[in-house]
$ cat input-v7.txt   # compact mmCIF, C-alpha atoms
# COMPACT_ATOMS: atom_id res chain seq x y z
CA MET A 229 0.00 0.00 0.00
CA ASN A 230 1.49 3.33 -1.09
CA TRP A 231 -0.01 6.25 0.83
CA GLY A 232 1.80 9.01 -1.09
CA SER A 233 1.83 11.51 1.76
CA LEU A 234 1.66 11.64 5.54
CA ASP A 235 -1.68 13.46 5.31
CA ASN A 236 -3.16 10.60 3.32
CA PHE A 237 -1.76 8.13 5.82
CA LEU A 238 -3.27 9.98 8.77
CA ALA A 239 -6.61 10.48 6.98
CA MET A 240 -7.01 6.69 6.44
CA GLY A 241 -9.42 7.31 3.58
CA GLY A 242 -11.70 9.32 5.88
CA TYR A 243 -11.66 6.72 8.65
CA GLY A 244 -8.74 8.28 10.57
CA LEU A 245 -10.77 8.89 13.72
CA TYR A 246 -11.84 5.24 13.93
CA VAL A 247 -8.53 3.65 12.96
CA TRP A 248 -6.26 5.92 15.01
CA GLY A 249 -8.77 6.01 17.88
CA SER A 250 -8.39 2.23 18.06
CA TYR A 251 -4.61 2.18 17.83
CA ALA A 252 -4.05 5.12 20.20
CA VAL A 253 -6.19 3.68 22.99
CA THR A 254 -4.58 0.24 22.57
CA LEU A 255 -1.09 1.76 22.79
CA ALA A 256 -2.04 3.94 25.78
CA LEU A 257 -3.48 0.97 27.70
CA ILE A 258 -0.44 -1.21 27.03
CA VAL A 259 1.91 1.56 28.16
CA ALA A 260 -0.27 2.10 31.24
CA GLU A 261 -0.12 -1.61 32.08
CA LEU A 262 3.69 -1.63 31.82
CA VAL A 263 3.98 1.51 34.01
CA MET A 264 1.66 -0.03 36.61
CA LEU A 265 3.70 -3.24 36.59
CA ALA A 266 6.96 -1.31 37.10
CA ARG A 267 5.42 0.62 40.00
CA ARG A 268 3.99 -2.53 41.56
CA LYS A 269 7.40 -4.20 41.42
CA HIS A 270 9.08 -1.13 42.90
CA ASN A 271 6.57 -1.05 45.76
CA ALA A 272 6.91 -4.80 46.40
CA VAL A 273 10.69 -4.52 46.66
CA GLY A 274 10.32 -1.45 48.87
CA ARG A 275 8.08 -3.29 51.33
CA ILE A 276 10.59 -6.13 51.69
CA ARG A 277 13.50 -3.85 52.49
CA MET B 137 15.85 -39.43 31.51
CA SER B 138 14.55 -37.93 34.66
CA VAL B 139 13.06 -34.49 34.55
CA ASN B 140 12.21 -32.70 37.72
CA TRP B 141 8.78 -31.32 36.77
CA PHE B 142 8.45 -29.57 40.09
CA LYS B 143 11.68 -27.60 39.88
CA TYR B 144 9.87 -24.50 38.60
CA SER B 145 6.74 -24.98 40.69
CA SER B 146 8.19 -23.06 43.62
CA PRO B 147 8.29 -19.24 43.50
CA GLN B 148 11.95 -19.20 44.49
CA THR B 149 13.12 -21.06 41.37
CA PHE B 150 10.42 -19.68 39.06
CA PHE B 151 11.15 -16.02 39.88
CA PRO B 152 14.41 -15.71 37.89
CA LEU B 153 13.02 -17.84 35.05
CA ALA B 154 9.95 -15.56 34.83
CA GLY B 155 12.28 -12.58 34.54
CA ARG B 156 14.16 -14.12 31.62
CA LEU B 157 10.90 -15.16 29.93
CA ALA B 158 9.51 -11.63 30.29
CA LEU B 159 12.60 -10.17 28.63
CA GLY B 160 12.68 -12.70 25.78
CA PHE B 161 8.98 -12.58 24.97
CA GLY B 162 8.95 -8.79 25.36
CA ALA B 163 11.66 -8.50 22.69
CA LEU B 164 9.77 -10.93 20.44
CA ALA B 165 6.59 -8.89 20.93
CA VAL B 166 8.29 -5.65 19.83
CA PHE B 167 9.74 -7.33 16.75
CA THR B 168 6.55 -9.12 15.65
CA CYS B 169 4.48 -5.99 16.32
CA ALA B 170 6.76 -3.96 14.02
CA VAL B 171 6.49 -6.60 11.28
CA GLY B 172 2.71 -6.97 11.74
CA LEU B 173 2.03 -3.23 11.60
CA TYR B 174 4.26 -2.87 8.54
CA LEU B 175 2.28 -5.62 6.78
CA GLY B 176 -0.99 -4.14 8.00
CA PHE B 177 -0.41 -0.54 6.96
CA PHE B 178 2.06 -0.73 4.07
CA VAL B 179 1.58 -4.09 2.38
CA ALA B 180 -2.10 -5.05 2.84
CA PRO B 181 -4.35 -3.46 0.20
CA THR B 182 -7.39 -1.25 0.74
CA ASP B 183 -10.54 -3.31 1.31
CA ALA B 184 -12.97 -3.15 -1.61
CA GLN B 185 -16.03 -2.76 0.64
CA GLN B 186 -14.77 -1.16 3.82
CA GLY B 187 -11.99 1.10 2.54
CA GLU B 188 -9.29 1.77 5.13
CA SER B 189 -11.55 1.29 8.17
CA TYR B 190 -10.89 -2.46 8.07
CA ARG B 191 -7.29 -1.82 9.27
CA ILE B 192 -8.69 -1.94 12.81
CA ILE B 193 -8.71 -5.72 12.24
CA PHE B 194 -4.96 -5.90 12.99
CA ILE B 195 -5.61 -5.16 16.65
CA HIS B 196 -9.30 -6.08 16.99
CA VAL B 197 -9.04 -9.76 16.07
CA PRO B 198 -5.78 -10.44 17.99
CA ALA B 199 -7.19 -8.67 21.08
CA ALA B 200 -10.46 -10.63 20.89
CA TRP B 201 -8.50 -13.84 20.48
CA MET B 202 -6.27 -13.10 23.47
CA SER B 203 -9.26 -12.09 25.62
CA MET B 204 -10.70 -15.59 25.24
CA PHE B 205 -7.42 -17.48 25.26
CA LEU B 206 -6.16 -15.75 28.43
CA TYR B 207 -9.43 -16.55 30.19
CA VAL B 208 -8.90 -20.25 29.45
CA VAL B 209 -5.29 -19.99 30.68
CA MET B 210 -6.50 -18.24 33.87
CA ALA B 211 -9.17 -20.89 34.47
CA PHE B 212 -6.59 -23.63 33.79
CA TRP B 213 -4.17 -22.32 36.44
CA ALA B 214 -7.03 -21.66 38.85
CA GLY B 215 -8.25 -25.23 38.37
CA ILE B 216 -4.80 -26.70 38.89
CA GLY B 217 -4.46 -24.65 42.06
CA LEU B 218 -7.84 -25.80 43.30
CA ALA B 219 -7.11 -29.48 42.56
CA PHE B 220 -3.50 -29.74 43.74
CA ASN B 221 -3.28 -26.78 46.12
CA THR B 222 -0.02 -25.64 44.54
CA ARG B 223 1.16 -22.17 45.54
CA LEU B 224 2.32 -20.97 42.16
CA SER B 225 -0.86 -21.91 40.25
CA GLY B 226 -3.00 -19.40 42.11
CA MET B 227 -0.36 -16.72 41.58
CA MET B 228 -0.36 -17.45 37.84
CA ALA B 229 -4.16 -17.21 37.64
CA SER B 230 -4.05 -13.83 39.41
CA ALA B 231 -1.24 -12.69 37.13
CA VAL B 232 -3.25 -13.45 33.97
CA ALA B 233 -6.50 -11.69 34.95
CA PRO B 234 -5.61 -7.98 34.45
CA THR B 235 -3.94 -8.60 31.07
CA GLY B 236 -6.98 -10.63 30.00
CA ALA B 237 -9.28 -7.81 31.07
CA LEU B 238 -7.08 -5.35 29.16
CA PHE B 239 -7.43 -7.28 25.91
CA THR B 240 -11.16 -7.77 26.45
CA PHE B 241 -11.55 -4.01 26.80
CA ILE B 242 -9.39 -3.41 23.71
CA ALA B 243 -11.51 -5.90 21.73
CA LEU B 244 -14.70 -4.09 22.78
CA TRP B 245 -13.25 -0.61 22.21
CA THR B 246 -11.81 -1.33 18.75
CA GLY B 247 -14.96 -3.27 17.86
CA SER B 248 -17.04 -0.24 18.73
CA LEU B 249 -14.85 2.04 16.63
CA TRP B 250 -15.13 -0.43 13.76
CA GLY B 251 -18.85 -0.96 14.22
CA LYS B 252 -19.65 2.71 13.70
CA PRO B 253 -18.33 2.92 10.10
CA ALA B 254 -19.22 -0.70 9.23
CA TRP B 255 -22.70 -1.05 10.78
CA GLY B 256 -23.61 2.56 11.58
CA THR B 257 -23.71 1.96 15.33
CA TRP B 258 -21.19 1.92 18.20
CA TRP B 259 -22.93 -0.89 20.01
CA VAL B 260 -25.69 -3.46 19.61
CA TRP B 261 -26.86 -6.05 22.12
CA ASP B 262 -26.15 -8.96 19.83
CA ALA B 263 -24.84 -12.30 21.09
CA ARG B 264 -21.17 -11.77 20.19
CA LEU B 265 -20.87 -8.31 21.71
CA THR B 266 -22.90 -9.13 24.80
CA SER B 267 -21.01 -12.33 25.61
CA GLU B 268 -17.68 -10.46 25.17
CA LEU B 269 -18.94 -7.78 27.60
CA ILE B 270 -19.83 -10.57 30.06
CA LEU B 271 -16.23 -11.80 29.70
CA LEU B 272 -15.00 -8.36 30.79
CA PHE B 273 -17.28 -8.53 33.84
CA LEU B 274 -15.99 -12.04 34.64
CA TYR B 275 -12.41 -10.73 34.67
CA PHE B 276 -13.46 -7.78 36.86
CA GLY B 277 -15.42 -10.12 39.13
CA PHE B 278 -12.40 -12.41 39.52
CA MET B 279 -10.10 -9.50 40.39
CA ALA B 280 -12.62 -7.87 42.76
CA LEU B 281 -13.29 -11.16 44.56
CA GLN B 282 -9.57 -11.80 45.06
CA ALA B 283 -8.98 -8.24 46.23
CA ALA B 284 -11.81 -8.55 48.77
CA ILE B 285 -10.30 -11.57 50.56
CA ASP B 286 -7.25 -10.92 52.75
CA ASP B 287 -5.86 -14.45 52.94
CA PRO B 288 -4.24 -15.10 49.53
CA ARG B 289 -4.82 -18.86 49.61
CA ARG B 290 -8.53 -18.40 50.34
CA ALA B 291 -8.68 -15.67 47.68
CA ASP B 292 -7.16 -18.12 45.18
CA ARG B 293 -9.76 -20.77 45.95
CA ALA B 294 -12.71 -18.39 45.75
CA GLY B 295 -11.38 -16.88 42.53
CA ALA B 296 -10.80 -20.34 41.07
CA VAL B 297 -14.45 -21.32 41.49
CA LEU B 298 -15.56 -18.14 39.72
CA ALA B 299 -12.98 -18.59 36.94
CA LEU B 300 -14.03 -22.21 36.33
CA VAL B 301 -17.76 -21.45 36.29
CA GLY B 302 -17.17 -18.52 33.92
CA VAL B 303 -15.17 -20.58 31.42
CA VAL B 304 -18.50 -21.74 29.93
CA ASN B 305 -18.77 -18.24 28.47
CA VAL B 306 -15.72 -18.73 26.20
CA PRO B 307 -17.31 -21.25 23.77
CA ILE B 308 -20.47 -19.12 23.87
CA ILE B 309 -18.46 -16.13 22.61
CA TYR B 310 -16.67 -18.19 19.99
CA PHE B 311 -19.76 -19.90 18.56
CA SER B 312 -22.17 -17.00 19.12
CA VAL B 313 -21.88 -15.94 15.48
CA LYS B 314 -23.03 -19.42 14.43
CA TRP B 315 -25.64 -20.12 17.08
CA TRP B 316 -27.47 -16.82 16.81
CA ASN B 317 -28.21 -14.31 14.11
CA THR B 318 -25.71 -11.62 14.91
CA LEU B 319 -24.77 -8.33 13.32
CA HIS B 320 -21.17 -9.41 13.93
CA GLN B 321 -19.73 -11.33 11.00
CA GLY B 322 -18.65 -14.96 11.21
CA ALA B 323 -15.04 -16.08 11.52
CA SER B 324 -12.86 -14.91 8.59
CA VAL B 325 -10.33 -17.60 9.35
CA SER B 326 -11.11 -21.21 10.21
CA LEU B 327 -9.43 -24.58 9.97
CA THR B 328 -12.01 -26.05 7.63
CA LYS B 329 -12.38 -23.34 4.96
CA ALA B 330 -10.06 -21.11 2.96
CA PRO B 331 -9.76 -17.67 4.61
CA THR B 332 -12.16 -15.06 3.23
CA MET B 333 -9.55 -12.29 3.04
CA ALA B 334 -6.51 -11.24 1.01
CA ALA B 335 -3.31 -13.14 1.82
CA THR B 336 -1.38 -10.04 2.96
CA MET B 337 -4.27 -8.95 5.23
CA LEU B 338 -4.31 -12.43 6.73
CA ALA B 339 -0.52 -12.43 7.17
CA GLY B 340 -0.62 -9.07 9.00
CA MET B 341 -3.39 -10.28 11.27
CA LEU B 342 -1.61 -13.55 12.10
CA VAL B 343 1.67 -11.77 12.88
CA MET B 344 -0.22 -9.36 15.16
CA ILE B 345 -1.82 -12.33 16.93
CA PHE B 346 1.70 -13.58 17.68
CA ALA B 347 2.73 -10.09 18.82
CA PHE B 348 -0.18 -9.91 21.29
CA TRP B 349 0.54 -13.43 22.41
CA PHE B 350 4.19 -12.64 23.15
CA TYR B 351 3.23 -9.40 24.88
CA SER B 352 0.73 -11.26 27.06
CA ILE B 353 3.33 -13.79 28.14
CA ALA B 354 5.79 -11.00 29.00
CA ALA B 355 3.19 -8.96 30.95
CA VAL B 356 1.91 -12.02 32.83
CA MET B 357 5.47 -13.00 33.78
CA LEU B 358 6.20 -9.47 35.05
CA ARG B 359 3.00 -9.50 37.13
CA ALA B 360 3.72 -13.01 38.42
CA ARG B 361 7.07 -11.71 39.67
CA CYS B 362 5.31 -8.87 41.54
CA ILE B 363 2.83 -11.31 43.11
CA MET B 364 5.65 -13.68 44.15
CA LEU B 365 7.52 -10.82 45.83
CA GLU B 366 4.35 -9.62 47.57
CA ARG B 367 3.26 -13.00 48.87
CA GLU B 368 6.71 -14.32 49.77
CA ARG B 369 8.06 -11.07 51.21
CA ALA B 370 9.01 -12.77 54.47
CA SER B 371 11.10 -15.44 52.73
CA GLU B 372 14.87 -15.62 52.48
CA TRP B 373 15.01 -15.50 48.66
CA ALA B 374 12.74 -12.45 48.42
CA GLY B 375 14.88 -10.63 50.97
CA GLN B 376 18.03 -11.49 49.05
CA TYR B 377 16.50 -10.28 45.81
CA ALA B 378 15.29 -7.00 47.33
CA ARG B 379 18.73 -6.29 48.79
CA GLY B 380 20.34 -7.13 45.44
CA VAL B 381 18.09 -4.71 43.53
CA ALA B 382 18.86 -1.84 45.92
$ encode --input "input-v7.txt" --output "structure tokens"
Amino acid sequence: MNWGSLDNFLAMGGYGLYVWGSYAVTLALIVAELVMLARRKHNAVGRIR
Amino acid sequence: MSVNWFKYSSPQTFFPLAGRLALGFGALAVFTCAVGLYLGFFVAPTDAQQGESYRIIFIHVPAAWMSMFLYVVMAFWAGIGLAFNTRLSGMMASAVAPTGALFTFIALWTGSLWGKPAWGTWWVWDARLTSELILLFLYFGFMALQAAIDDPRRADRAGAVLALVGVVNVPIIYFSVKWWNTLHQGASVSLTKAPTMAATMLAGMLVMIFAFWFYSIAAVMLRARCIMLERERASEWAGQYARGVA
């Protein structure tokens, strides 16, 4: 698939809101899960010491 | 050949292994995700009927798949824990639940954003969507029940009963598109028929399924490590590890 320009890529043929809304929320949730896991580990280690 | 099957059934020996697994599968997830998204956005063609909106498929189908698969994994570990009273099994079941809930939510969210352009509605109470929503509530119920019980072993047993009863919902989700008349389409990929999509679309979707799979393993291993440290905080090995990290 050749998009030609970044604008075309972001527009997703008029479905940009739906496509990027899906991908952005997925990415945000995965990042949030990893941050929460790092904090949980940090807290667990802190309670032991 | 004698294999000690129980070597990794104690938190002390499983903890370092889980760390290595998390690292390895995390790296695999990043790599497969990059390949899958490249296939999905730069190789797969525009869909003749749905235009570009179909590109949601590259996260929607893998997330929906993982939501069901992780529930079965959670119920499996919960069942093993209930039957054999092994410490680690309950920890594994608890470690799977939040990641399973995450993918269930992603499946519902992306499905909603796909439903609007494809069907003209964000949500319908059809069998597929409703049973997937019930799956989300089962995950939440499992986590809430475990959080409400102070003694971790009792929390494991109570959660295990809920997880095992709820597993009946997984085949209902999977076969809902066959058993009932749903707005949701049937499976695009099955073992008995040729796939009803372009080869490059299918390839992107399959690679993304692997990416989500690898990510799930990594996330579950990281959470299992947290749970082991929390529950075994009084033990010698946990103390040694905590001093080593400092």
$ residues_around --input "input-v7.txt" --residues "B:Ala231" --least-positions-apart "3" --cutoff "9 Å" --atoms "all atoms listed in the file" --output "list in words"
Met210, Gly226, Met227, Met228, Pro234, Thr235, Ala355, Val356, Met357, Leu358, Arg359, Ala360, Arg361, Cys362 and Ile363 of chain B
$ write_last_selection --input "input-v7.txt" --atoms "C-alpha atoms" --output "compact mmCIF listing (two decimals), keeping the file's coordinate frame"
# COMPACT_ATOMS: atom_id res chain seq x y z
CA MET B 210 -6.50 -18.24 33.87
CA GLY B 226 -3.00 -19.40 42.11
CA MET B 227 -0.36 -16.72 41.58
CA MET B 228 -0.36 -17.45 37.84
CA PRO B 234 -5.61 -7.98 34.45
CA THR B 235 -3.94 -8.60 31.07
CA ALA B 355 3.19 -8.96 30.95
CA VAL B 356 1.91 -12.02 32.83
CA MET B 357 5.47 -13.00 33.78
CA LEU B 358 6.20 -9.47 35.05
CA ARG B 359 3.00 -9.50 37.13
CA ALA B 360 3.72 -13.01 38.42
CA ARG B 361 7.07 -11.71 39.67
CA CYS B 362 5.31 -8.87 41.54
CA ILE B 363 2.83 -11.31 43.11
$ residues_around --input "input-v7.txt" --residues "A:Asn230" --least-positions-apart "3" --cutoff "12 Å" --atoms "all atoms listed in the file" --output "list in words"
Ser233, Leu234, Asn236, Phe237 and Met240 of chain A; Tyr174, Leu175, Phe177, Phe178, Val179, Ala180, Pro181 and Thr182 of chain B
$ closest_atom_pairs --input "input-v7.txt" --of "chain A" --to "chain B" --cutoff "9 Å" --atoms "only C-alpha atoms" --output "tab-separated table"
residue	atom	partner	partner_atom	distance
A:Met229	CA	B:Phe178	CA	4.6
A:Asn230	CA	B:Phe178	CA	6.6
A:Trp231	CA	B:Phe178	CA	8.0
A:Phe237	CA	B:Phe177	CA	8.8
A:Met240	CA	B:Glu188	CA	5.6
A:Gly241	CA	B:Glu188	CA	5.8
A:Gly242	CA	B:Glu188	CA	8.0
A:Tyr243	CA	B:Ser189	CA	5.5
A:Gly244	CA	B:Ser189	CA	7.9
A:Leu245	CA	B:Leu249	CA	8.5
A:Tyr246	CA	B:Leu249	CA	5.2
A:Val247	CA	B:Ile192	CA	5.6
A:Trp248	CA	B:Ile192	CA	8.5
A:Gly249	CA	B:Leu249	CA	7.4
A:Ser250	CA	B:Thr246	CA	5.0
A:Tyr251	CA	B:Ile195	CA	7.5
A:Val253	CA	B:Ile242	CA	7.8
A:Thr254	CA	B:Ile242	CA	6.1
A:Leu257	CA	B:Leu238	CA	7.4
A:Ile258	CA	B:Leu238	CA	8.1
A:Glu261	CA	B:Thr235	CA	8.0
A:Leu262	CA	B:Ala355	CA	7.4
A:Leu265	CA	B:Arg359	CA	6.3
A:Ala266	CA	B:Leu358	CA	8.4
A:Arg268	CA	B:Cys362	CA	6.5
A:Lys269	CA	B:Cys362	CA	5.1
A:His270	CA	B:Cys362	CA	8.7
A:Asn271	CA	B:Cys362	CA	9.0
A:Ala272	CA	B:Glu366	CA	5.6
A:Val273	CA	B:Ala378	CA	5.3
A:Gly274	CA	B:Ala378	CA	7.6
A:Arg275	CA	B:Arg369	CA	7.8
A:Ile276	CA	B:Arg369	CA	5.6
A:Arg277	CA	B:Ala378	CA	6.3
$ atom_distance --input "input-v7.txt" --atom1 "atom CA of B:Val303" --atom2 "atom CA of B:Thr318"
21.5 Å
$ residues_around --input "input-v7.txt" --residues "B:Gly302" --least-positions-apart "6" --cutoff "9 Å" --atoms "all atoms listed in the file" --output "list in words"
Tyr207, Ala211, Leu271 and Leu274 of chain B
$ atom_distance --input "input-v7.txt" --atom1 "atom CA of B:Thr168" --atom2 "atom CA of B:Val197"
15.6 Å
$ atom_distance --input "input-v7.txt" --atom1 "atom CA of B:Asp183" --atom2 "atom CA of B:Pro198"
18.8 Å
$ closest_residue --input "input-v7.txt" --among "B:Tyr144, B:Phe212, B:Phe276, B:Trp201" --to "B:Ala347" --atoms "all atoms listed in the file"
B:Trp201
$ build_atoms --input "input-v7.txt" --residues "stretch 235-269 of chain A" --atoms "N, CA and C atoms" --output "CSV table (one decimal), in the frame of the given file"
chain,number,residue,atom,x,y,z
A,235,ASP,N,-0.3,13.1,5.1
A,235,ASP,CA,-1.7,13.5,5.3
A,235,ASP,C,-2.6,12.3,4.9
A,236,ASN,N,-2.3,11.7,3.8
A,236,ASN,CA,-3.2,10.6,3.3
A,236,ASN,C,-3.1,9.5,4.3
A,237,PHE,N,-1.9,9.2,4.9
A,237,PHE,CA,-1.8,8.1,5.8
A,237,PHE,C,-2.6,8.4,7.1
A,238,LEU,N,-2.5,9.6,7.6
A,238,LEU,CA,-3.3,10.0,8.8
A,238,LEU,C,-4.8,10.0,8.5
A,239,ALA,N,-5.2,10.4,7.3
A,239,ALA,CA,-6.6,10.5,7.0
A,239,ALA,C,-7.3,9.1,6.9
A,240,MET,N,-6.5,8.1,6.5
A,240,MET,CA,-7.0,6.7,6.4
A,240,MET,C,-8.3,6.6,5.6
A,241,GLY,N,-8.3,7.3,4.5
A,241,GLY,CA,-9.4,7.3,3.6
A,241,GLY,C,-10.7,7.8,4.2
A,242,GLY,N,-10.5,8.8,5.2
A,242,GLY,CA,-11.7,9.3,5.9
A,242,GLY,C,-12.1,8.6,7.2
A,243,TYR,N,-11.4,7.5,7.4
A,243,TYR,CA,-11.7,6.7,8.6
A,243,TYR,C,-10.6,6.9,9.7
A,244,GLY,N,-9.8,8.0,9.6
A,244,GLY,CA,-8.7,8.3,10.6
A,244,GLY,C,-9.2,8.2,12.0
A,245,LEU,N,-10.3,8.8,12.3
A,245,LEU,CA,-10.8,8.9,13.7
A,245,LEU,C,-11.0,7.5,14.3
A,246,TYR,N,-11.5,6.6,13.5
A,246,TYR,CA,-11.8,5.2,13.9
A,246,TYR,C,-10.6,4.4,14.0
A,247,VAL,N,-9.7,4.5,13.0
A,247,VAL,CA,-8.5,3.6,13.0
A,247,VAL,C,-7.6,4.1,14.0
A,248,TRP,N,-7.3,5.4,14.0
A,248,TRP,CA,-6.3,5.9,15.0
A,248,TRP,C,-6.8,5.9,16.4
A,249,GLY,N,-8.1,6.1,16.6
A,249,GLY,CA,-8.8,6.0,17.9
A,249,GLY,C,-8.6,4.6,18.5
A,250,SER,N,-8.6,3.6,17.6
A,250,SER,CA,-8.4,2.2,18.1
A,250,SER,C,-6.9,2.0,18.5
A,251,TYR,N,-6.0,2.4,17.6
A,251,TYR,CA,-4.6,2.2,17.8
A,251,TYR,C,-4.1,3.0,19.0
A,252,ALA,N,-4.6,4.3,19.1
A,252,ALA,CA,-4.0,5.1,20.2
A,252,ALA,C,-4.5,4.6,21.6
A,253,VAL,N,-5.7,4.2,21.7
A,253,VAL,CA,-6.2,3.7,23.0
A,253,VAL,C,-5.5,2.4,23.3
A,254,THR,N,-5.3,1.5,22.3
A,254,THR,CA,-4.6,0.2,22.6
A,254,THR,C,-3.2,0.5,23.1
A,255,LEU,N,-2.5,1.4,22.4
A,255,LEU,CA,-1.1,1.8,22.8
A,255,LEU,C,-1.1,2.4,24.2
A,256,ALA,N,-2.0,3.3,24.5
A,256,ALA,CA,-2.0,3.9,25.8
A,256,ALA,C,-2.3,2.9,26.9
A,257,LEU,N,-3.2,2.0,26.7
A,257,LEU,CA,-3.5,1.0,27.7
A,257,LEU,C,-2.3,0.0,27.9
A,258,ILE,N,-1.6,-0.3,26.9
A,258,ILE,CA,-0.4,-1.2,27.0
A,258,ILE,C,0.7,-0.5,27.8
A,259,VAL,N,0.9,0.8,27.4
A,259,VAL,CA,1.9,1.6,28.2
A,259,VAL,C,1.5,1.7,29.6
A,260,ALA,N,0.2,2.0,29.9
A,260,ALA,CA,-0.3,2.1,31.2
A,260,ALA,C,-0.1,0.8,32.0
A,261,GLU,N,-0.3,-0.3,31.4
A,261,GLU,CA,-0.1,-1.6,32.1
A,261,GLU,C,1.4,-1.8,32.5
A,262,LEU,N,2.3,-1.5,31.5
A,262,LEU,CA,3.7,-1.6,31.8
A,262,LEU,C,4.1,-0.7,32.9
A,263,VAL,N,3.6,0.6,32.9
A,263,VAL,CA,4.0,1.5,34.0
A,263,VAL,C,3.5,1.0,35.3
A,264,MET,N,2.2,0.5,35.4
A,264,MET,CA,1.7,0.0,36.6
A,264,MET,C,2.4,-1.2,37.1
A,265,LEU,N,2.9,-2.1,36.2
A,265,LEU,CA,3.7,-3.2,36.6
A,265,LEU,C,5.0,-2.8,37.2
A,266,ALA,N,5.7,-1.8,36.6
A,266,ALA,CA,7.0,-1.3,37.1
A,266,ALA,C,6.8,-0.7,38.5
A,267,ARG,N,5.7,0.0,38.7
A,267,ARG,CA,5.4,0.6,40.0
A,267,ARG,C,5.1,-0.4,41.1
A,268,ARG,N,4.3,-1.5,40.6
A,268,ARG,CA,4.0,-2.5,41.6
A,268,ARG,C,5.2,-3.3,42.0
A,269,LYS,N,6.1,-3.5,41.1
A,269,LYS,CA,7.4,-4.2,41.4
A,269,LYS,C,8.2,-3.3,42.4
